[in-house]
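Worksheet: one structure, shown below.
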Amino acid sequence: MRFHALEKYTKISGRTLYRNDVRFLGYSGTSVSFRFIGKKAVAHILSDTAHFEEFHRAWAAVFINGSITPNQRFCINADEADYILYESETAEEVTITLMKYSEPEYAPLGIKWIETDSASLLAPPEPRKRKIQIIGDSITCGYGVEGSLREPIHRTSTENPCKAYSLLTAQALNAELELIAWNGKGVITEYVGEEDNLPHADWLVPMLYEYTDAGCERDVFHTAKKEWEKWDHSSYQPDLVLINLGTNDASYTRDIPERSRCFKNAYLSFLKRIHDIHPNAKILCVLGTMEQRLCSTVAAAVNTFQEDIPDTKNCAEFLSLPLQKEEDGFGTFWHPTAVTQKKTADLITEKIRKLMDWND
């Protein structure tokens, strides 16, 4: 049976753009899952190899029957090709998840169709009852988590969202996850060098939050911004929203009071926007793994948020994360290793369990 990655056939996890009968997995950790009885499943995948170096190609992973370890992991090395997702000598009932490992800045991954050797499909996997949304940057994506400081460049092959605190936390809480994260981006600026005294403010997380997949719109379809697909926030109502932003903003604010105030005001506005969209969700703000200069500012923004909006009492909190340690190693460009990410996930999971009263 050949089918498109539609919701009637597959479980869609995360924000994905469906256009021209192609399901584009943009954000790290986005996936499609399906069930069938048979021996083989193949996906026809599209990408863009001409505009990306080999070390910035898209990467994907395949999980079988809910395993937390991928059955295979591969690079998308062609503009259009078939990829075998599953193959067995005997027909079995099987659940397959195809997940994007690389993040949206790099080569795209579009699923044109999936084909099984069965005449029909089983019902897609049921979504988990708990829902969380995580908003962040490279740390959240698992950028460089399998790399090292010896690497002179970043390679998408060293990205692994399943080793990032984000997916580890969702897994520990048995929760669905919607992840909106992009490396180097912040609330008022992208990461800037020490010599740069102006913010880079044309591609920021609060803007990305409003669209299904702004990266795909810009880089794949080259559409005008006014035509980008707005995300239907009502389609995914999280119980909890986690925000991990400020690491890249600190490269510009640099403890300069005026800049820190600008960041606080923008962060506060973003908090209010999220609350307007998801009034029943609790909000947990975290910061500190790679950079701690804005921790007190984020804490102050959370306090002001609760003071300004009476119905937010006890619905928003700030968790200061410990700075990564040298003995736990460093990934590409000083990013946290799997050891650090796991420690972060454990702290955040414990905090969320208390905040949400999720004790099981």
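Identifiers for the structure tokens are assigned positionally: chains receive A, B, ... in sequence, residues are indexed from 1 per chain, and ligands are indexed from 1 in the order shown.
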Exercise: range 178-184 of chain A partners within 6 Å, only C-alpha atoms, chain neighbours under 6 positions left out, as a list in words: Gly14, Gln133, Ile134, Ile135, Gly136, Asp137, Ser138, Glu190, Tyr191 and Asn248 of chain A
Write a file of the just-selected residues containing N, CA, C and O atoms, as a PDB file, in the first residue's frame.
ATOM      1  N   GLY A  14       4.883  16.810  16.362  1.00  0.00           N
ATOM      2  CA  GLY A  14       5.563  18.078  16.140  1.00  0.00           C
ATOM      3  C   GLY A  14       4.928  18.867  15.014  1.00  0.00           C
ATOM      4  O   GLY A  14       4.004  18.402  14.332  1.00  0.00           O
ATOM      5  N   GLN A 133       5.197  21.410  25.400  1.00  0.00           N
ATOM      6  CA  GLN A 133       5.769  22.188  24.297  1.00  0.00           C
ATOM      7  C   GLN A 133       7.079  22.776  24.803  1.00  0.00           C
ATOM      8  O   GLN A 133       7.127  23.325  25.911  1.00  0.00           O
ATOM      9  N   ILE A 134       8.137  22.620  24.012  1.00  0.00           N
ATOM     10  CA  ILE A 134       9.442  23.141  24.423  1.00  0.00           C
ATOM     11  C   ILE A 134       9.946  24.114  23.359  1.00  0.00           C
ATOM     12  O   ILE A 134       9.978  23.790  22.165  1.00  0.00           O
ATOM     13  N   ILE A 135      10.338  25.288  23.805  1.00  0.00           N
ATOM     14  CA  ILE A 135      10.793  26.365  22.929  1.00  0.00           C
ATOM     15  C   ILE A 135      12.238  26.674  23.283  1.00  0.00           C
ATOM     16  O   ILE A 135      12.550  26.954  24.443  1.00  0.00           O
ATOM     17  N   GLY A 136      13.140  26.621  22.302  1.00  0.00           N
ATOM     18  CA  GLY A 136      14.535  26.829  22.660  1.00  0.00           C
ATOM     19  C   GLY A 136      15.440  27.096  21.484  1.00  0.00           C
ATOM     20  O   GLY A 136      15.019  27.580  20.432  1.00  0.00           O
ATOM     21  N   ASP A 137      16.721  26.755  21.683  1.00  0.00           N
ATOM     22  CA  ASP A 137      17.742  27.013  20.671  1.00  0.00           C
ATOM     23  C   ASP A 137      18.541  25.731  20.437  1.00  0.00           C
ATOM     24  O   ASP A 137      18.000  24.635  20.484  1.00  0.00           O
ATOM     25  N   SER A 138      19.836  25.858  20.192  1.00  0.00           N
ATOM     26  CA  SER A 138      20.653  24.699  19.834  1.00  0.00           C
ATOM     27  C   SER A 138      20.703  23.645  20.931  1.00  0.00           C
ATOM     28  O   SER A 138      20.762  22.447  20.648  1.00  0.00           O
ATOM     29  N   GLU A 190      19.947  37.099  17.417  1.00  0.00           N
ATOM     30  CA  GLU A 190      20.680  35.858  17.204  1.00  0.00           C
ATOM     31  C   GLU A 190      22.019  35.995  17.934  1.00  0.00           C
ATOM     32  O   GLU A 190      22.360  37.061  18.459  1.00  0.00           O
ATOM     33  N   TYR A 191      22.782  34.918  17.960  1.00  0.00           N
ATOM     34  CA  TYR A 191      24.120  34.986  18.551  1.00  0.00           C
ATOM     35  C   TYR A 191      24.968  35.973  17.745  1.00  0.00           C
ATOM     36  O   TYR A 191      24.964  35.971  16.508  1.00  0.00           O
ATOM     37  N   ASN A 248      21.719  32.806  23.642  1.00  0.00           N
ATOM     38  CA  ASN A 248      22.233  33.583  22.514  1.00  0.00           C
ATOM     39  C   ASN A 248      22.052  35.082  22.724  1.00  0.00           C
ATOM     40  O   ASN A 248      22.890  35.871  22.286  1.00  0.00           O
TER      41      ASN A 248
END
Surrounding residues of Ala299 in chain A excluding itself and chain neighbours under 2 positions, 9 Å, only C-alpha atoms, as a ChimeraX atom specification: /A:285-286,294-297,301-304,317-320
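Within range 110-203 of chain A, the backbone-based DSSP assignment of strand (DSSP E) covers Gly110, Ile111, Lys112, Trp113, Ile114, Glu115, Thr116, Arg130, Lys131, Ile132, Gln133, Ile134, Ile135, Gly136, Ala175, Glu176, Leu177, Glu178, Leu179, Ile180 and Ala181 of chain A.
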With N, CA, C and O atoms retained, could you export that selection as a JSON list (two decimals), in the first residue's frame?
[["chain", "number", "residue", "atom", "x", "y", "z"],
["A", 110, "GLY", "N", 11.63, 15.89, 3.19],
["A", 110, "GLY", "CA", 10.22, 15.80, 2.85],
["A", 110, "GLY", "C", 9.85, 14.37, 2.51],
["A", 110, "GLY", "O", 10.55, 13.70, 1.75],
["A", 111, "ILE", "N", 8.74, 13.90, 3.07],
["A", 111, "ILE", "CA", 8.26, 12.54, 2.80],
["A", 111, "ILE", "C", 7.21, 12.62, 1.70],
["A", 111, "ILE", "O", 6.10, 13.12, 1.92],
["A", 112, "LYS", "N", 7.55, 12.13, 0.51],
["A", 112, "LYS", "CA", 6.61, 12.17, -0.62],
["A", 112, "LYS", "C", 5.57, 11.08, -0.50],
["A", 112, "LYS", "O", 4.38, 11.31, -0.74],
["A", 113, "TRP", "N", 6.01, 9.89, -0.16],
["A", 113, "TRP", "CA", 5.09, 8.79, 0.11],
["A", 113, "TRP", "C", 5.78, 7.70, 0.90],
["A", 113, "TRP", "O", 7.01, 7.67, 0.99],
["A", 114, "ILE", "N", 4.97, 6.84, 1.49],
["A", 114, "ILE", "CA", 5.46, 5.66, 2.20],
["A", 114, "ILE", "C", 4.75, 4.45, 1.59],
["A", 114, "ILE", "O", 3.57, 4.54, 1.23],
["A", 115, "GLU", "N", 5.45, 3.36, 1.47],
["A", 115, "GLU", "CA", 4.85, 2.16, 0.87],
["A", 115, "GLU", "C", 5.16, 0.94, 1.73],
["A", 115, "GLU", "O", 6.30, 0.74, 2.16],
["A", 116, "THR", "N", 4.14, 0.13, 1.97],
["A", 116, "THR", "CA", 4.31, -1.14, 2.67],
["A", 116, "THR", "C", 3.93, -2.28, 1.72],
["A", 116, "THR", "O", 3.28, -2.06, 0.70],
["A", 130, "ARG", "N", -0.46, 13.19, 28.05],
["A", 130, "ARG", "CA", 0.22, 14.42, 28.45],
["A", 130, "ARG", "C", 0.83, 15.11, 27.24],
["A", 130, "ARG", "O", 1.34, 14.45, 26.34],
["A", 131, "LYS", "N", 0.81, 16.44, 27.28],
["A", 131, "LYS", "CA", 1.37, 17.20, 26.17],
["A", 131, "LYS", "C", 2.25, 18.32, 26.71],
["A", 131, "LYS", "O", 1.83, 19.09, 27.59],
["A", 132, "ILE", "N", 3.46, 18.40, 26.19],
["A", 132, "ILE", "CA", 4.35, 19.51, 26.53],
["A", 132, "ILE", "C", 4.85, 20.17, 25.26],
["A", 132, "ILE", "O", 4.89, 19.54, 24.20],
["A", 133, "GLN", "N", 5.20, 21.41, 25.40],
["A", 133, "GLN", "CA", 5.77, 22.19, 24.30],
["A", 133, "GLN", "C", 7.08, 22.78, 24.80],
["A", 133, "GLN", "O", 7.13, 23.33, 25.91],
["A", 134, "ILE", "N", 8.14, 22.62, 24.01],
["A", 134, "ILE", "CA", 9.44, 23.14, 24.42],
["A", 134, "ILE", "C", 9.95, 24.11, 23.36],
["A", 134, "ILE", "O", 9.98, 23.79, 22.16],
["A", 135, "ILE", "N", 10.34, 25.29, 23.81],
["A", 135, "ILE", "CA", 10.79, 26.36, 22.93],
["A", 135, "ILE", "C", 12.24, 26.67, 23.28],
["A", 135, "ILE", "O", 12.55, 26.95, 24.44],
["A", 136, "GLY", "N", 13.14, 26.62, 22.30],
["A", 136, "GLY", "CA", 14.53, 26.83, 22.66],
["A", 136, "GLY", "C", 15.44, 27.10, 21.48],
["A", 136, "GLY", "O", 15.02, 27.58, 20.43],
["A", 175, "ALA", "N", 5.14, 11.91, 27.60],
["A", 175, "ALA", "CA", 4.34, 13.01, 27.07],
["A", 175, "ALA", "C", 4.61, 13.24, 25.59],
["A", 175, "ALA", "O", 5.72, 12.99, 25.10],
["A", 176, "GLU", "N", 3.58, 13.70, 24.89],
["A", 176, "GLU", "CA", 3.78, 14.18, 23.53],
["A", 176, "GLU", "C", 4.62, 15.45, 23.59],
["A", 176, "GLU", "O", 4.58, 16.19, 24.57],
["A", 177, "LEU", "N", 5.36, 15.71, 22.52],
["A", 177, "LEU", "CA", 6.23, 16.88, 22.50],
["A", 177, "LEU", "C", 6.07, 17.66, 21.20],
["A", 177, "LEU", "O", 6.12, 17.09, 20.11],
["A", 178, "GLU", "N", 5.87, 18.95, 21.36],
["A", 178, "GLU", "CA", 5.97, 19.87, 20.23],
["A", 178, "GLU", "C", 7.18, 20.76, 20.49],
["A", 178, "GLU", "O", 7.24, 21.46, 21.49],
["A", 179, "LEU", "N", 8.15, 20.69, 19.60],
["A", 179, "LEU", "CA", 9.42, 21.39, 19.80],
["A", 179, "LEU", "C", 9.58, 22.48, 18.74],
["A", 179, "LEU", "O", 9.45, 22.23, 17.54],
["A", 180, "ILE", "N", 9.86, 23.70, 19.21],
["A", 180, "ILE", "CA", 10.15, 24.83, 18.33],
["A", 180, "ILE", "C", 11.51, 25.36, 18.76],
["A", 180, "ILE", "O", 11.63, 26.04, 19.79],
["A", 181, "ALA", "N", 12.54, 25.02, 18.00],
["A", 181, "ALA", "CA", 13.91, 25.40, 18.41],
["A", 181, "ALA", "C", 14.79, 25.55, 17.18],
["A", 181, "ALA", "O", 14.65, 24.81, 16.21]]
DSSP alpha helix (DSSP H) selection over range 6-238 of chain A, as a ChimeraX atom specification: /A:138-141,165-173,205-208,214-216
Could those selected residues go to a file with C-alpha atoms, as a CSV table (one decimal), in the first residue's frame?
chain,number,residue,atom,x,y,z
A,138,SER,CA,20.7,24.7,19.8
A,139,ILE,CA,20.7,23.1,23.3
A,140,THR,CA,17.1,22.0,22.8
A,141,CYS,CA,17.9,20.6,19.4
A,165,TYR,CA,17.1,17.2,27.4
A,166,SER,CA,14.0,18.0,25.4
A,167,LEU,CA,13.2,14.6,24.1
A,168,LEU,CA,14.7,12.9,27.2
A,169,THR,CA,12.2,14.9,29.3
A,170,ALA,CA,9.2,14.1,27.1
A,171,GLN,CA,10.2,10.4,27.3
A,172,ALA,CA,10.6,10.4,31.0
A,173,LEU,CA,7.2,12.1,31.4
A,205,VAL,CA,12.2,32.5,18.1
A,206,PRO,CA,9.0,34.6,18.9
A,207,MET,CA,8.5,35.1,15.2
A,208,LEU,CA,9.2,31.4,14.4
A,214,ALA,CA,9.1,29.3,8.7
A,215,GLY,CA,12.3,27.7,7.6
A,216,CYS,CA,10.7,25.5,5.1
Glu350 in chain A environment, 12 Å, only C-alpha atoms, sequence neighbours closer than 3 positions dropped, as number ranges by chain: A: 169-170, 172-173, 319, 343-347, 353-360
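Closest to Arg128 in chain A among A:Gln324, A:Pro238, A:Ala224, A:Val187 is A:Pro238, based on only C-alpha atoms.
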Counting only C-alpha atoms, the option among A:Cys262, A:Glu229, A:Gln72, A:Thr247 closest to Leu287 in chain A: A:Thr247
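Each of A:Tyr106, A:Phe36, A:Tyr18, A:Tyr101 was checked against Lys163 in chain A using only C-alpha atoms; the smallest atom-to-atom distance is that of A:Tyr101.
In this structure, CA of Lys8 in chain A sits 10.0 Å away from CA of Leu121 in chain A.
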Residue among A:Arg259, A:Ile283, A:Phe63, A:Val298 lying closest to Lys351 in chain A, counting only C-alpha atoms: A:Ile283
One-decimal distance in Å that lies between CA of Val94 in chain A and CA of Ala119 in chain A: 14.4 Å
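Candidate residues A:Gln341, A:Ser157, A:Thr97, A:Thr212 were compared for distance to His233 in chain A, and the nearest is A:Thr212, using only C-alpha atoms.
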